[in-house]
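Undergrad: Quick one, structure-v4.cif (mmCIF, C-alpha atoms):
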data_coords
loop_
_atom_site.label_atom_id
_atom_site.label_comp_id
_atom_site.auth_asym_id
_atom_site.auth_seq_id
_atom_site.Cartn_x
_atom_site.Cartn_y
_atom_site.Cartn_z
CA MET A 76 -32.23 -31.48 12.32
CA ILE A 77 -30.39 -33.54 9.73
CA ASN A 78 -31.12 -37.26 9.98
CA ARG A 79 -28.10 -38.98 8.41
CA ASN A 80 -30.07 -42.16 7.80
CA GLU A 81 -32.53 -40.30 5.56
CA LEU A 82 -29.76 -39.04 3.27
CA LYS A 83 -28.93 -40.80 0.03
CA PRO A 84 -26.27 -43.52 0.47
CA GLU A 85 -23.77 -41.62 -1.68
CA ILE A 86 -24.20 -38.49 0.48
CA GLN A 87 -23.74 -40.54 3.64
CA ALA A 88 -20.52 -41.91 2.18
CA LEU A 89 -19.33 -38.38 1.32
CA ILE A 90 -20.09 -37.16 4.85
CA GLU A 91 -18.16 -40.12 6.25
CA GLU A 92 -15.19 -39.24 4.05
CA LYS A 93 -15.35 -35.59 5.17
CA ARG A 94 -15.46 -36.80 8.81
CA PHE A 95 -18.44 -34.66 9.71
CA ARG A 96 -18.97 -35.82 13.28
CA ASP A 97 -21.54 -33.13 13.98
CA PHE A 98 -23.32 -30.72 11.69
CA THR A 99 -22.72 -27.01 12.34
CA PRO A 100 -25.54 -24.68 13.51
CA ILE A 101 -26.03 -23.15 10.06
CA GLN A 102 -26.26 -26.63 8.48
CA GLU A 103 -28.74 -27.90 11.08
CA LYS A 104 -30.96 -24.80 10.82
CA VAL A 105 -30.99 -24.47 7.03
CA TYR A 106 -31.35 -28.13 5.92
CA PRO A 107 -34.99 -28.74 6.96
CA LEU A 108 -36.09 -25.40 5.52
CA ILE A 109 -34.52 -26.15 2.14
CA MET A 110 -36.02 -29.64 2.09
CA LYS A 111 -39.47 -28.07 2.64
CA GLY A 112 -38.97 -25.82 -0.40
CA LYS A 113 -38.63 -22.58 1.59
CA ASP A 114 -36.69 -19.54 0.37
CA VAL A 115 -33.81 -18.99 2.79
CA VAL A 116 -31.36 -16.20 3.62
CA GLY A 117 -28.43 -17.75 5.48
CA ILE A 118 -26.20 -15.25 7.30
CA SER A 119 -23.03 -17.02 8.35
CA ALA A 120 -19.39 -16.07 8.88
CA THR A 121 -16.34 -17.80 7.45
CA GLY A 122 -15.59 -21.11 9.13
CA THR A 123 -19.17 -22.06 10.04
CA GLY A 124 -19.71 -24.70 7.34
CA LYS A 125 -21.79 -22.44 5.11
CA SER A 126 -20.97 -24.18 1.80
CA HIS A 127 -22.15 -27.61 2.92
CA ALA A 128 -25.28 -25.99 4.36
CA PHE A 129 -26.53 -25.86 0.75
CA ILE A 130 -24.36 -28.57 -0.88
CA ILE A 131 -25.91 -31.40 1.16
CA PRO A 132 -29.59 -30.49 0.56
CA VAL A 133 -29.02 -29.66 -3.13
CA LEU A 134 -27.43 -33.07 -3.72
CA GLN A 135 -30.29 -34.67 -1.80
CA LEU A 136 -32.94 -32.91 -3.92
CA VAL A 137 -31.38 -33.46 -7.35
CA ASP A 138 -32.90 -36.33 -9.33
CA THR A 139 -30.21 -37.73 -11.63
CA GLN A 140 -32.85 -39.59 -13.64
CA LYS A 141 -34.11 -36.27 -15.01
CA ASP A 142 -32.26 -34.92 -18.02
CA SER A 143 -32.31 -31.21 -17.13
CA ILE A 144 -30.66 -28.49 -15.04
CA GLN A 145 -32.11 -28.60 -11.52
CA ALA A 146 -29.83 -26.37 -9.45
CA VAL A 147 -27.74 -23.27 -10.19
CA ILE A 148 -25.09 -21.90 -7.83
CA THR A 149 -23.60 -18.45 -8.52
CA ALA A 150 -20.27 -17.23 -7.16
CA PRO A 151 -18.70 -13.75 -7.41
CA THR A 152 -15.18 -14.95 -8.33
CA ARG A 153 -13.74 -17.75 -10.43
CA GLU A 154 -11.70 -18.99 -7.45
CA LEU A 155 -14.82 -19.43 -5.35
CA ALA A 156 -16.72 -21.01 -8.25
CA ARG A 157 -13.88 -23.47 -8.81
CA GLN A 158 -13.80 -24.39 -5.13
CA LEU A 159 -17.56 -24.94 -4.95
CA TYR A 160 -17.37 -27.07 -8.08
CA LYS A 161 -14.70 -29.28 -6.49
CA GLN A 162 -16.83 -29.68 -3.36
CA PHE A 163 -19.91 -30.65 -5.36
CA ALA A 164 -17.94 -32.95 -7.68
CA GLU A 165 -16.74 -35.05 -4.73
CA ILE A 166 -20.10 -36.84 -4.89
CA ASN A 167 -19.01 -38.45 -8.19
CA LYS A 168 -16.65 -40.73 -6.25
CA TYR A 169 -19.75 -42.48 -4.95
CA ASP A 170 -22.29 -41.82 -7.69
CA SER A 171 -21.10 -40.89 -11.19
CA SER A 172 -24.64 -40.19 -12.43
CA TYR A 173 -24.53 -36.62 -11.10
CA ARG A 174 -23.69 -34.29 -13.99
CA ILE A 175 -22.00 -31.23 -12.47
CA LYS A 176 -20.63 -28.42 -14.63
CA LEU A 177 -18.36 -25.45 -13.91
CA ILE A 178 -19.23 -22.36 -16.00
CA SER A 179 -16.49 -19.90 -15.16
CA SER A 180 -14.73 -16.89 -16.60
CA GLY A 181 -11.19 -17.68 -17.65
CA SER A 182 -12.23 -20.88 -19.47
CA ASP A 183 -12.46 -21.37 -23.22
CA LYS A 184 -15.89 -20.10 -24.25
CA ASN A 185 -16.25 -22.06 -27.53
CA ARG A 186 -15.34 -25.33 -25.86
CA MET A 187 -17.83 -24.60 -23.11
CA VAL A 188 -20.60 -24.06 -25.66
CA GLU A 189 -19.83 -27.42 -27.30
CA GLU A 190 -19.91 -29.25 -23.96
CA LEU A 191 -23.38 -27.87 -23.21
CA ASN A 192 -24.95 -30.09 -25.86
CA VAL A 193 -25.78 -32.22 -22.84
CA GLN A 194 -27.23 -30.14 -20.01
CA PRO A 195 -25.86 -30.82 -16.51
CA HIS A 196 -27.94 -31.45 -13.38
CA ILE A 197 -26.04 -28.89 -11.31
CA VAL A 198 -24.35 -25.73 -12.61
CA ILE A 199 -21.78 -23.77 -10.61
CA GLY A 200 -20.38 -20.61 -12.13
CA THR A 201 -19.32 -17.00 -12.03
CA VAL A 202 -22.18 -14.55 -12.47
CA GLY A 203 -20.88 -12.95 -15.68
CA ARG A 204 -20.21 -16.21 -17.52
CA LEU A 205 -23.54 -17.75 -16.44
CA LYS A 206 -25.35 -14.69 -17.82
CA ASP A 207 -23.30 -14.96 -21.01
CA MET A 208 -24.18 -18.64 -21.56
CA PHE A 209 -27.83 -18.26 -20.53
CA VAL A 210 -28.92 -14.79 -21.69
CA ASP A 211 -26.53 -13.97 -24.56
CA GLU A 212 -25.61 -17.36 -26.07
CA ALA A 213 -28.83 -19.16 -25.02
CA VAL A 214 -27.01 -22.51 -24.71
CA LEU A 215 -27.49 -22.99 -20.96
CA ARG A 216 -31.08 -23.80 -19.91
CA LEU A 217 -31.10 -22.16 -16.49
CA ASP A 218 -34.83 -21.53 -16.92
CA GLN A 219 -35.37 -25.24 -16.15
CA ALA A 220 -33.76 -24.95 -12.71
CA LYS A 221 -35.81 -25.48 -9.55
CA ILE A 222 -33.18 -24.11 -7.13
CA LEU A 223 -30.96 -21.02 -7.32
CA VAL A 224 -28.19 -20.48 -4.77
CA ILE A 225 -26.48 -17.07 -4.58
CA ASP A 226 -23.30 -17.60 -2.58
CA GLU A 227 -21.38 -14.67 -1.02
CA ALA A 228 -24.20 -12.27 -1.88
CA ASP A 229 -22.60 -9.28 -0.15
CA MET A 230 -19.42 -9.78 -2.16
CA THR A 231 -21.47 -10.15 -5.36
CA LEU A 232 -23.00 -6.76 -4.62
CA GLU A 233 -19.66 -5.19 -3.71
CA LEU A 234 -18.04 -6.33 -6.96
CA GLY A 235 -20.89 -4.87 -9.01
CA PHE A 236 -22.36 -8.16 -10.28
CA ILE A 237 -25.84 -7.82 -8.79
CA ASP A 238 -27.23 -6.39 -12.06
CA ASP A 239 -26.08 -9.53 -13.90
CA VAL A 240 -27.76 -11.68 -11.23
CA ASP A 241 -30.88 -9.56 -11.74
CA GLN A 242 -30.86 -10.33 -15.49
CA ILE A 243 -30.56 -14.05 -14.76
CA CYS A 244 -33.29 -14.08 -12.09
CA SER A 245 -35.76 -12.17 -14.25
CA ARG A 246 -35.70 -15.04 -16.78
CA LEU A 247 -35.99 -17.95 -14.34
CA ASN A 248 -38.99 -20.02 -13.30
CA ARG A 249 -41.32 -18.00 -11.03
CA LYS A 250 -41.71 -21.01 -8.72
CA LEU A 251 -37.95 -21.19 -8.26
CA GLN A 252 -36.63 -21.80 -4.75
CA MET A 253 -34.00 -19.16 -3.95
CA LEU A 254 -31.25 -19.60 -1.35
CA VAL A 255 -29.01 -16.65 -0.49
CA PHE A 256 -25.89 -17.08 1.64
CA SER A 257 -23.81 -14.18 2.87
CA ALA A 258 -21.69 -12.96 5.75
CA THR A 259 -23.80 -9.80 5.93
CA ILE A 260 -26.91 -8.44 4.22
CA PRO A 261 -26.13 -4.85 3.18
CA THR A 262 -29.03 -2.40 2.89
CA GLN A 263 -28.40 -2.08 -0.88
CA LEU A 264 -29.05 -5.82 -1.30
CA GLN A 265 -32.48 -5.83 0.34
CA PRO A 266 -34.53 -4.49 -2.63
CA PHE A 267 -33.15 -7.34 -4.78
CA LEU A 268 -34.11 -9.93 -2.16
CA ARG A 269 -37.64 -8.49 -1.81
CA ARG A 270 -38.08 -8.59 -5.59
CA TYR A 271 -37.20 -12.26 -6.10
CA MET A 272 -37.63 -14.11 -2.80
CA TYR A 273 -40.97 -15.32 -1.44
CA ARG A 274 -41.33 -14.87 2.32
CA PRO A 275 -37.74 -15.92 2.98
CA THR A 276 -36.74 -17.38 6.33
CA ILE A 277 -33.69 -15.58 7.70
CA VAL A 278 -31.24 -17.88 9.46
CA GLU A 279 -28.31 -16.31 11.30
CA ALA A 280 -25.52 -18.50 12.64
CA THR A 281 -22.31 -16.50 13.01
CA GLU A 282 -21.66 -16.90 16.71
CA GLU A 283 -19.69 -20.14 16.41
CA HIS A 284 -16.82 -18.51 14.59
CA GLU A 285 -16.76 -15.15 16.35
CA ASN A 286 -16.26 -16.78 19.73
CA ASN A 287 -13.87 -19.47 18.52
CA PRO A 288 -11.55 -19.87 21.53
CA LYS A 289 -8.91 -21.60 19.41
CA ILE A 290 -8.05 -18.37 17.59
CA GLU A 291 -5.57 -16.15 19.41
CA HIS A 292 -5.86 -12.47 18.47
CA VAL A 293 -2.59 -10.52 18.80
CA LEU A 294 -2.03 -6.77 18.36
CA VAL A 295 1.39 -5.56 17.19
CA ASN A 296 2.03 -1.81 17.28
CA CYS A 297 3.90 -0.50 14.22
CA ARG A 298 4.80 2.78 16.00
CA HIS A 299 7.04 4.73 13.58
CA LEU A 300 7.25 1.89 11.02
CA THR A 301 5.02 1.17 8.03
CA TYR A 302 2.94 -2.03 7.98
CA GLN A 303 5.37 -3.58 5.52
CA GLU A 304 8.46 -2.63 7.55
CA LYS A 305 6.90 -4.12 10.70
CA LEU A 306 5.93 -7.25 8.77
CA LEU A 307 9.59 -7.86 7.89
CA ARG A 308 10.49 -7.42 11.56
CA ILE A 309 8.04 -10.05 12.86
CA LEU A 310 8.21 -12.75 10.15
CA PRO A 311 11.37 -14.35 11.64
CA GLY A 312 9.25 -15.03 14.75
CA ILE A 313 6.60 -16.96 12.83
CA ASN A 314 7.03 -20.53 11.68
CA PRO A 315 3.76 -21.13 9.81
CA TYR A 316 2.37 -24.11 8.02
CA VAL A 317 0.45 -21.63 5.87
CA CYS A 318 0.31 -17.90 6.64
CA LEU A 319 -2.23 -15.59 5.00
CA ILE A 320 -1.08 -11.95 4.82
CA PHE A 321 -3.94 -9.53 4.17
CA ALA A 322 -3.53 -6.10 2.57
CA ARG A 323 -6.36 -3.68 1.82
CA THR A 324 -5.85 -3.22 -1.93
CA LYS A 325 -4.32 -5.06 -4.86
CA GLU A 326 -1.62 -2.34 -5.06
CA GLU A 327 -0.63 -3.09 -1.46
CA VAL A 328 -0.70 -6.82 -2.22
CA LYS A 329 1.72 -6.27 -5.12
CA SER A 330 4.11 -4.01 -3.19
CA THR A 331 4.10 -6.29 -0.13
CA SER A 332 4.76 -9.35 -2.29
CA GLU A 333 7.65 -7.64 -4.07
CA LEU A 334 9.17 -6.53 -0.76
CA LEU A 335 8.98 -10.03 0.72
CA LYS A 336 10.40 -11.63 -2.42
CA SER A 337 13.31 -9.18 -2.37
CA ASN A 338 13.99 -10.34 1.17
CA GLY A 339 14.11 -14.02 0.24
CA TYR A 340 10.56 -15.15 1.00
CA SER A 341 8.81 -17.59 -1.33
CA LEU A 342 5.11 -16.76 -1.64
CA ILE A 343 1.93 -16.65 -3.69
CA GLU A 344 0.12 -13.40 -4.37
CA LEU A 345 -3.59 -13.20 -5.13
CA HIS A 346 -5.05 -10.03 -6.61
CA GLY A 347 -7.38 -8.93 -9.39
CA ASP A 348 -4.65 -8.20 -11.95
CA LEU A 349 -3.46 -11.80 -12.27
CA THR A 350 -3.97 -13.48 -15.65
CA THR A 351 -6.06 -16.65 -15.88
CA ARG A 352 -2.90 -18.72 -16.17
CA GLN A 353 -1.34 -17.05 -13.11
CA ARG A 354 -4.50 -17.63 -11.09
CA LYS A 355 -4.60 -21.31 -11.99
CA GLN A 356 -0.92 -21.71 -11.11
CA ALA A 357 -1.46 -19.95 -7.79
CA LEU A 358 -4.46 -22.09 -6.86
CA LYS A 359 -2.66 -25.26 -7.93
CA ALA A 360 0.27 -24.36 -5.65
CA ILE A 361 -2.15 -23.70 -2.79
CA ASP A 362 -3.92 -27.03 -3.31
CA SER A 363 -0.61 -28.90 -3.32
CA ASP A 364 0.59 -27.25 -0.06
CA ASN A 365 3.75 -26.03 -1.80
CA VAL A 366 3.78 -22.59 -0.22
CA SER A 367 3.91 -21.15 3.28
CA TYR A 368 3.00 -17.51 2.57
CA ILE A 369 0.01 -16.15 0.65
CA VAL A 370 -0.37 -12.38 0.24
CA CYS A 371 -3.88 -11.40 -0.74
CA SER A 372 -6.70 -8.87 -0.55
CA ASP A 373 -10.00 -9.53 1.24
CA ILE A 374 -11.88 -9.84 -2.05
CA MET A 375 -9.55 -12.47 -3.49
CA ALA A 376 -9.49 -14.56 -0.30
CA ARG A 377 -13.25 -14.67 0.29
CA GLY A 378 -14.58 -18.17 -0.19
CA LEU A 379 -11.18 -19.86 -0.49
CA ASP A 380 -11.14 -22.80 1.90
CA ILE A 381 -7.54 -23.44 2.96
CA SER A 382 -7.82 -25.67 6.03
CA SER A 383 -4.06 -25.67 6.73
CA VAL A 384 -3.77 -21.94 7.61
CA SER A 385 -1.95 -21.66 10.93
CA HIS A 386 -1.36 -17.88 10.97
CA VAL A 387 -3.13 -14.78 9.66
CA ILE A 388 -1.48 -11.36 9.50
CA SER A 389 -3.50 -8.20 8.83
CA LEU A 390 -1.59 -5.16 7.57
CA GLY A 391 -3.92 -2.76 9.33
CA LEU A 392 -7.65 -3.29 9.70
CA PRO A 393 -9.88 -3.79 6.64
CA SER A 394 -12.11 -0.95 5.46
CA SER A 395 -15.14 -2.95 6.66
CA LEU A 396 -14.64 -4.35 10.16
CA ASP A 397 -16.82 -7.36 9.29
CA TYR A 398 -13.95 -8.47 7.08
CA TYR A 399 -11.73 -8.89 10.15
CA THR A 400 -14.00 -11.75 11.17
CA HIS A 401 -13.42 -13.32 7.73
CA ARG A 402 -9.65 -12.77 7.98
CA SER A 403 -9.16 -14.25 11.43
CA GLY A 404 -11.58 -17.06 10.61
CA ARG A 405 -9.16 -18.43 8.02
CA THR A 406 -7.23 -20.03 10.85
CA GLY A 407 -8.39 -22.17 13.77
CA ARG A 408 -10.41 -24.42 11.47
CA ALA A 409 -11.22 -28.12 11.61
CA GLY A 410 -10.50 -28.25 15.34
CA ARG A 411 -7.04 -26.72 15.02
CA SER A 412 -5.73 -23.66 16.83
CA GLY A 413 -4.44 -20.53 15.09
CA VAL A 414 -3.09 -17.02 15.56
CA SER A 415 -4.38 -13.80 14.01
CA TYR A 416 -1.91 -10.89 14.12
CA VAL A 417 -3.02 -7.29 13.52
CA LEU A 418 -0.24 -4.84 12.68
CA PHE A 419 -1.74 -1.48 13.62
CA ASN A 420 -0.96 2.22 13.77
CA GLU A 421 -2.86 5.22 15.09
CA SER A 422 -5.37 5.24 12.22
CA ASP A 423 -6.56 1.73 13.20
CA ILE A 424 -7.37 2.63 16.82
CA PRO A 425 -11.10 3.50 16.31
CA GLY A 426 -11.64 0.16 14.58
CA LEU A 427 -9.79 -1.74 17.30
CA LYS A 428 -12.01 -0.10 19.91
CA THR A 429 -15.07 -1.30 18.00
CA LEU A 430 -13.74 -4.87 17.71
CA ARG A 431 -12.91 -4.93 21.41
CA ASN A 432 -16.44 -3.74 22.23
CA LYS A 433 -17.78 -6.58 20.05
CA GLY A 434 -16.05 -9.09 22.29
CA PHE A 435 -12.69 -9.73 20.61
CA GLU A 436 -10.02 -10.26 23.24
CA PHE A 437 -6.56 -9.16 22.13
CA GLU A 438 -3.09 -10.02 23.38
CA TYR A 439 -0.43 -7.29 23.11
CA ARG A 440 2.95 -8.43 21.86
CA ASP A 441 6.05 -7.38 20.00
CA TYR A 442 8.85 -9.32 18.37
CA ARG A 443 12.37 -8.43 19.40
CA LYS A 444 15.81 -9.96 19.09
CA ASP A 445 15.17 -12.38 21.93
CA GLY A 446 11.77 -13.43 20.52
CA TRP A 447 8.13 -12.57 21.20
CA VAL A 448 7.47 -10.56 24.34
CA THR A 449 4.26 -9.46 26.00
CA VAL A 450 4.02 -5.66 26.09
CA LYS A 451 1.92 -3.22 28.05
CA PRO A 452 -1.63 -3.08 26.66
CA PHE A 453 -2.31 -0.12 24.43
CA ASP A 454 -4.94 1.87 26.32
CA PHE A 455 -6.63 3.37 23.22
CA ARG A 456 -6.84 6.78 24.86
CA PRO A 457 -8.56 9.50 22.83
CA THR A 458 -6.10 11.04 20.42
CA ARG A 459 -5.89 14.61 19.26
CA ASN A 460 -7.60 15.55 16.04
CA LYS A 461 -5.39 14.96 13.04
CA THR A 462 -4.15 17.95 11.09
CA GLU A 463 -3.72 18.03 7.33
CA PHE A 464 0.00 17.51 7.95
CA ASP A 465 -0.66 14.33 9.98
CA GLU A 466 -2.81 13.02 7.14
CA GLU A 467 -0.12 13.86 4.59
CA ILE A 468 2.48 11.98 6.68
CA ASP A 469 0.12 8.98 6.96
CA LYS A 470 -0.23 8.89 3.17
CA ILE A 471 3.55 8.91 2.76
CA ARG A 472 3.93 6.04 5.26
CA LYS A 473 1.16 3.95 3.69
CA ARG A 474 2.21 4.62 0.09
CA PRO A 475 2.62 1.26 -1.73
CA VAL A 476 6.23 0.50 -2.60
CA LYS A 477 6.09 -0.35 -6.31
CA LYS A 478 9.75 -1.28 -6.47
CA VAL A 479 12.12 -1.50 -3.55
CA LYS A 480 15.22 0.57 -4.34
CA PRO A 481 18.31 1.30 -2.23
CA GLY A 482 17.71 4.20 0.11
CA TYR A 483 13.89 4.14 -0.12
CA LYS A 484 13.57 4.30 3.70
CA LYS A 485 15.81 7.36 3.80
CA LYS A 486 13.71 9.00 1.07
CA ILE A 487 10.49 8.38 3.05
CA LYS A 488 12.06 9.91 6.19
CA GLU A 489 13.20 12.95 4.20
CA GLU A 490 9.68 13.46 2.79
CA ILE A 491 8.16 13.21 6.28
CA GLU A 492 10.73 15.64 7.70
CA SER A 493 9.94 18.08 4.86
CA VAL A 494 6.25 18.00 5.82
CA ARG A 495 7.12 18.55 9.46
CA ARG A 496 9.34 21.52 8.58
CA ARG A 497 6.44 23.12 6.69
CA GLN A 498 4.22 22.47 9.70
CA ARG A 499 6.75 24.09 12.06
CA ARG A 500 7.12 27.13 9.78
CA LEU A 501 3.37 27.66 9.69
CA MET A 502 3.17 27.23 13.46
CA ILE A 503 5.92 29.86 13.93
CA LYS A 504 4.17 32.25 11.55
CA ALA A 505 0.88 31.72 13.38
CA SER A 506 2.62 32.31 16.69
CA ILE A 507 4.21 35.54 15.41
CA LYS A 508 0.83 36.78 14.16
CA GLN A 509 -0.75 35.98 17.52
CA GLN A 510 2.02 37.88 19.33
CA GLN A 511 1.60 40.85 16.96
CA LYS A 512 -2.14 40.92 17.69
CA GLU A 513 -1.52 40.79 21.42
CA ARG A 514 1.04 43.65 21.23
CA ALA A 515 -1.40 45.70 19.15
CA LYS A 516 -4.08 45.20 21.79
CA LEU A 517 -1.66 46.30 24.51
CA ARG A 518 -0.81 49.43 22.55
CA GLN A 519 -4.50 50.26 22.15
CA ARG A 520 -5.05 49.81 25.88
CA SER A 521 -2.04 51.99 26.75
CA LYS A 522 -3.29 54.76 24.45
CA GLY A 523 -6.69 54.59 26.08
CA SER A 524 -5.23 54.86 29.56
CA ASP A 525 -3.07 57.88 28.54
CA LYS A 526 -6.20 59.74 27.55
#
Translate this structure into structure tokens?

TA:
Amino acid sequence: MINRNELKPEIQALIEEKRFRDFTPIQEKVYPLIMKGKDVVGISATGTGKSHAFIIPVLQLVDTQKDSIQAVITAPTRELARQLYKQFAEINKYDSSYRIKLISSGSDKNRMVEELNVQPHIVIGTVGRLKDMFVDEAVLRLDQAKILVIDEADMTLELGFIDDVDQICSRLNRKLQMLVFSATIPTQLQPFLRRYMYRPTIVEATEEHENNPKIEHVLVNCRHLTYQEKLLRILPGINPYVCLIFARTKEEVKSTSELLKSNGYSLIELHGDLTTRQRKQALKAIDSDNVSYIVCSDIMARGLDISSVSHVISLGLPSSLDYYTHRSGRTGRAGRSGVSYVLFNESDIPGLKTLRNKGFEFEYRDYRKDGWVTVKPFDFRPTRNKTEFDEEIDKIRKRPVKKVKPGYKKKIKEEIESVRRRQRRLMIKASIKQQQKERAKLRQRSKGSDK
């Protein structure tokens, strides 16, 4: 349990400003373990207060009278690193003696080296840039740190940064306290944890978000339309404060953004191909609440805390179903309610079955001229096995639209019809061959009977 009265006065003031009436399960479970110096693996979904589960104890443990780095926090993306830095830096409103430094890719490297003449107490940064400053440039004294926090560990692994983390960890103090926070712990991550963590306590606290009754989950059947075409159909029925639109890949993010812009929608797009300047502009616009629509991939949205999200739209299910929990968890935060729409087609049905078996309760709706209507639940009956032609048609339908040109819908229909014609021709040929075989058998039988 966290005893507020035992916290430093500046931390109590910060908690009061953040209006933390009650601490979340992950915060309550993790805090005493960290304060006892235990290594901890915290498994927690989006929306469960994971960041402050380590921010509060780290601030409590840091001694600002010591002139050295005491805590290091790694993040897989610059957006997440920047957000964690802002959350940590809020303590300076009440105590300016905390030296907190952001070491992130996308910032001027030479200037960063100059600023490290004075070592900070707390370092937050992207894995690659931390390795660069510590291992390659040797200007950041991470070896002095007593605490290492690896945030979004599963994402760090997925993006291929775990080797860089390995290089950092191999040079740190052996008595270091390691804290790992993640939505999931993939099998590939476990050897790394066994190598560097000492008898870690595993704390799992994901149930609060998964059963959040304030999130309404709505299924919208695309039928013969693509995800993007259906998106355009339903957007007039949504009046969001902020709406996150999730696509699977950065190519789909780009094509969806271009389609919406061509139809008069103002939006922000977040994907891996943005320049540093574009990223900063996008995040600044998000922080200032100047946009209602954000189109993004799962990777780019992980860790971004946008409390004003009222609607989430998924263009199909993510490749990993765990990510649906992250997507829907972007809304219904801070006591508010929210809606998570899933635009689905036949290829998403197996995943929807799995989510339903996990306890997600879906509403079935469609948007028509007279507004949103409740439709008959999709029964998820077993479907026939897909042929190579079905798969080819699916690829045509899901193909990202790089540039919307007049007549592109007609072109897609013509391509699909061409595939279906080939399928029909092969079916006719197969039928003719079957009939020929049957007639040959009859002739053989008739010859046998004549004898």

Undergrad: Name the closest residue to Tyr273 (chain A) among the candidates A:Glu165, A:Asp114, A:Asp441, A:Glu326; distances are taken between atoms, counting only C-alpha atoms.

TA: A:Asp114

Undergrad: List, as a list in words, every residue that the PyMOL selection byres ((chain A and resi 341-343) around 7) selects in the file provided.

TA: Lys336, Gly339, Tyr340, Glu344, Leu345, Ala357, Val366, Ser367, Tyr368, Ile369 and Val370 of chain A

Undergrad: Residues at most 10 Å from Ile109 (chain A), counting only C-alpha atoms, excluding those fewer than 6 positions away in the same chain, as an NGL selection string?

TA: :A and (115 or 128-129 or 132-133 or 136 or 222 or 252-254 or 276)

Undergrad: Measuring atom to atom with only C-alpha atoms, identify which of A:Ser493, A:Ser119, A:Ser143, A:Gln509 is nearest to Ile260 (chain A).

TA: A:Ser119

Undergrad: Identify all residues satisfying the PyMOL selection byres ((chain A and resi 150) around 10) in the given file; provide them as a ChimeraX atom specification.

TA: /A:148-149,151-159,179,199-203,205,224-228,230-231,236,378

Undergrad: At what distance in Å, to one decimal, does CA of Gln242 (chain A) lie from CA of Met187 (chain A)?

TA: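 So the answer is 20.8 Å.
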
Undergrad: Once you add 6 Å to each side, what are the centre and edge lengths of the axis-aligned box holding all listed atoms of region 86-97 of chain A? One decimal in Å, as lines of an AutoDock Vina configuration file, if you can.

TA:
center_x = -19.7
center_y = -37.5
center_z = 7.2
size_x = 21.0
size_y = 20.8
size_z = 25.5

Undergrad: At most 12 Å from (-6.0, -9.4, -7.0), file frame, only C-alpha atoms: which residues, as a ChimeraX atom specification?

TA: /A:152-154,321-329,332,343-351,353-354,357,369-377

Undergrad: With the file shown as input, list the residues that the PyMOL selection byres ((chain A and resi 297) around 10) selects, as a list in words.

TA: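 Taken on the displayed file, the PyMOL selection byres ((chain A and resi 297) around 10) yields the residues Leu294, Val295, Asn296, Arg298, His299, Leu300, Thr301, Tyr302, Gln303, Glu304, Lys305, Leu306, Arg308, Leu390, Gly391, Val417, Leu418, Phe419, Asn420, Glu421 and Asp441 of chain A.
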
Undergrad: Pick the closest to Ser385 (chain A) from A:Leu191, A:Ile320, A:Ile90, A:Leu430: which is it, counting all atoms listed in the file?

TA: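 Looking at the shortest contact to Ser385 (chain A), the residue is A:Ile320.
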